[in-house]
Amino acid sequence: MTDKPGGEKRTGLLNGFAAYGMWGLVPLFWPLLKPAGAAEILAHRMVWSLAFVIVALLAVRRWAWAGELLRQPRRLALIVVAASVITVNWGVYIWAVNSGHVVEASLGYFINPLVTIAMGVLILKERLRPVQWAAVATGAASVLVLAVGYGQPPWISLCLAFSFATYGLVKKKVDLGGVESLAAETAVQFLPALGYLLWLGAHGEATFASEGAGHAALLASTGVVTALPLVCFGAAAIRVPLSTLGLLQYLAPVFQFVLGVVYFHESMPPARWAGFALVWLALSMLTWDGLRTARRSARLRAEAAARAEAHGAAGAALAGTAGSAGAGAADAPRSSTDPVEA
């Protein structure tokens, strides 16, 4: 496979930075939606996300996937599972940010790669390299240190990490594009979310119509906040190597962590620093191992290509030699039985 042009790679990197940057800065957005509670914000996110992706799909005229999906009950069931799991993830994250737990939420996305690897071993029966085992063990030690420091396990972090890892596992089996997958999942979420919003309105507890046009516009913009990073991520995924995306993914929790400490002024006692240090050590080990493996694979591919090219050149040379011999035979003097040209 040929390398992508430099312009394509730059576009992919810019989209990758944009996607993970928006995910990293989203803790600044959710507090703007108060006095709406986490459940109301979550419901609006589901409803307006569907509206946004429908407009996007109408613009690009991509609907063939929907008919195929409706004819495949197993994939539909997986979409329902994915929608359920991401609902938990979204809800816990919004509540965590608006309740002053931004740092703990960031930890969830730091340990998510480690949880994903552990699930690959337990569920998909994947085999790990020694460095990956060491990274997972270090991540487990970090959770233990944090549990001792908190006096209880870091439930918010674990819930976010396991829900998102499960979501990724299910999406891998569904095999839908980013926007299409979001459309299918929010279609599952839409009716329960809309029903909840109508129930809130009937009981006079909805803030959409009671807090002014600006508040209503912010709640409606949850669809853009949800879908736009996903669109940028999709544009990045087709233009840059997976190893690059694997490095970019750490931008989001880094931004969240910095916001939690610097902007929201959340406390960082020694036990929490120790736990985070162990997580960062585990991620450094994973990153080093991943880059080393990627370089080795690239070198092996290059060597295989060079061998194939050498064999091809040798074959061409042999063919040329045979052709020269044949031409010499053809140019030899004709016998008396050779046909005479007119």
# chains A, B, ... in the order shown; residues from 1 in each chain; ligands from 1

$ residues_around --residues "Ala77 in chain A" --least-positions-apart "4" --cutoff "12 Å" --atoms "only C-alpha atoms" --output "list in words"
Leu69, Leu70, Arg71, Gln72, Pro73, Val81, Ala82, Ala83, Ser84, Val170, Lys171, Lys173, Val174, Ala184, Glu185 and Val188 of chain A

$ atom_distance --atom1 "CA of Glu180 in chain A" --atom2 "CA of Leu14 in chain A"
22.3 Å

$ closest_atom_pairs --of "range 121-236 of chain A" --to "range 292-312 of chain A" --cutoff "12 Å" --atoms "only C-alpha atoms" --output "JSON lines"
{"residue": "A:Arg129", "atom": "CA", "partner": "A:Thr293", "partner_atom": "CA", "distance": 10.2}
{"residue": "A:Val131", "atom": "CA", "partner": "A:Arg292", "partner_atom": "CA", "distance": 11.0}
{"residue": "A:Gln132", "atom": "CA", "partner": "A:Thr293", "partner_atom": "CA", "distance": 11.6}

$ closest_residue --among "A:Ala227, A:Ala206, A:Val103, A:Ala161" --to "Gly275 in chain A" --atoms "only C-alpha atoms"
A:Val103

$ closest_atom_pairs --of "range 196-308 of chain A" --to "range 20-32 of chain A" --cutoff "12 Å" --atoms "only C-alpha atoms" --output "tab-separated table"
residue	atom	partner	partner_atom	distance
A:Gly214	CA	A:Leu32	CA	10.4
A:His215	CA	A:Leu32	CA	8.4
A:Ala216	CA	A:Leu32	CA	11.3
A:Ala217	CA	A:Leu32	CA	11.2
A:Leu218	CA	A:Leu32	CA	7.8
A:Leu219	CA	A:Leu32	CA	9.3
A:Ser221	CA	A:Phe29	CA	10.2
A:Thr222	CA	A:Trp30	CA	9.0
A:Val224	CA	A:Met22	CA	11.1
A:Val225	CA	A:Val26	CA	8.0
A:Thr226	CA	A:Trp23	CA	8.9
A:Ala227	CA	A:Met22	CA	10.7
A:Leu228	CA	A:Met22	CA	8.7
A:Pro229	CA	A:Met22	CA	6.3
A:Leu230	CA	A:Tyr20	CA	9.3
A:Val231	CA	A:Tyr20	CA	11.4
A:Cys232	CA	A:Tyr20	CA	8.9
A:Phe233	CA	A:Tyr20	CA	7.8
A:Gly234	CA	A:Tyr20	CA	11.6
A:Ala236	CA	A:Tyr20	CA	10.5
A:Leu245	CA	A:Tyr20	CA	9.6
A:Gly246	CA	A:Tyr20	CA	11.0
A:Leu247	CA	A:Tyr20	CA	10.5
A:Leu248	CA	A:Tyr20	CA	7.0
A:Gln249	CA	A:Tyr20	CA	6.3
A:Tyr250	CA	A:Tyr20	CA	8.1
A:Leu251	CA	A:Tyr20	CA	5.9
A:Ala252	CA	A:Gly24	CA	3.7
A:Pro253	CA	A:Gly24	CA	6.0
A:Val254	CA	A:Gly24	CA	7.2
A:Phe255	CA	A:Gly24	CA	4.9
A:Gln256	CA	A:Gly24	CA	5.2
A:Phe257	CA	A:Gly24	CA	8.7
A:Val258	CA	A:Gly24	CA	9.5
A:Leu259	CA	A:Pro27	CA	7.8
A:Gly260	CA	A:Pro27	CA	8.6
A:Tyr263	CA	A:Leu28	CA	9.2
A:Phe264	CA	A:Leu28	CA	9.4

$ closest_residue --among "A:Ser181, A:Ser106, A:Ser163, A:Asn15" --to "Trp65 in chain A" --atoms "only C-alpha atoms"
A:Ser181
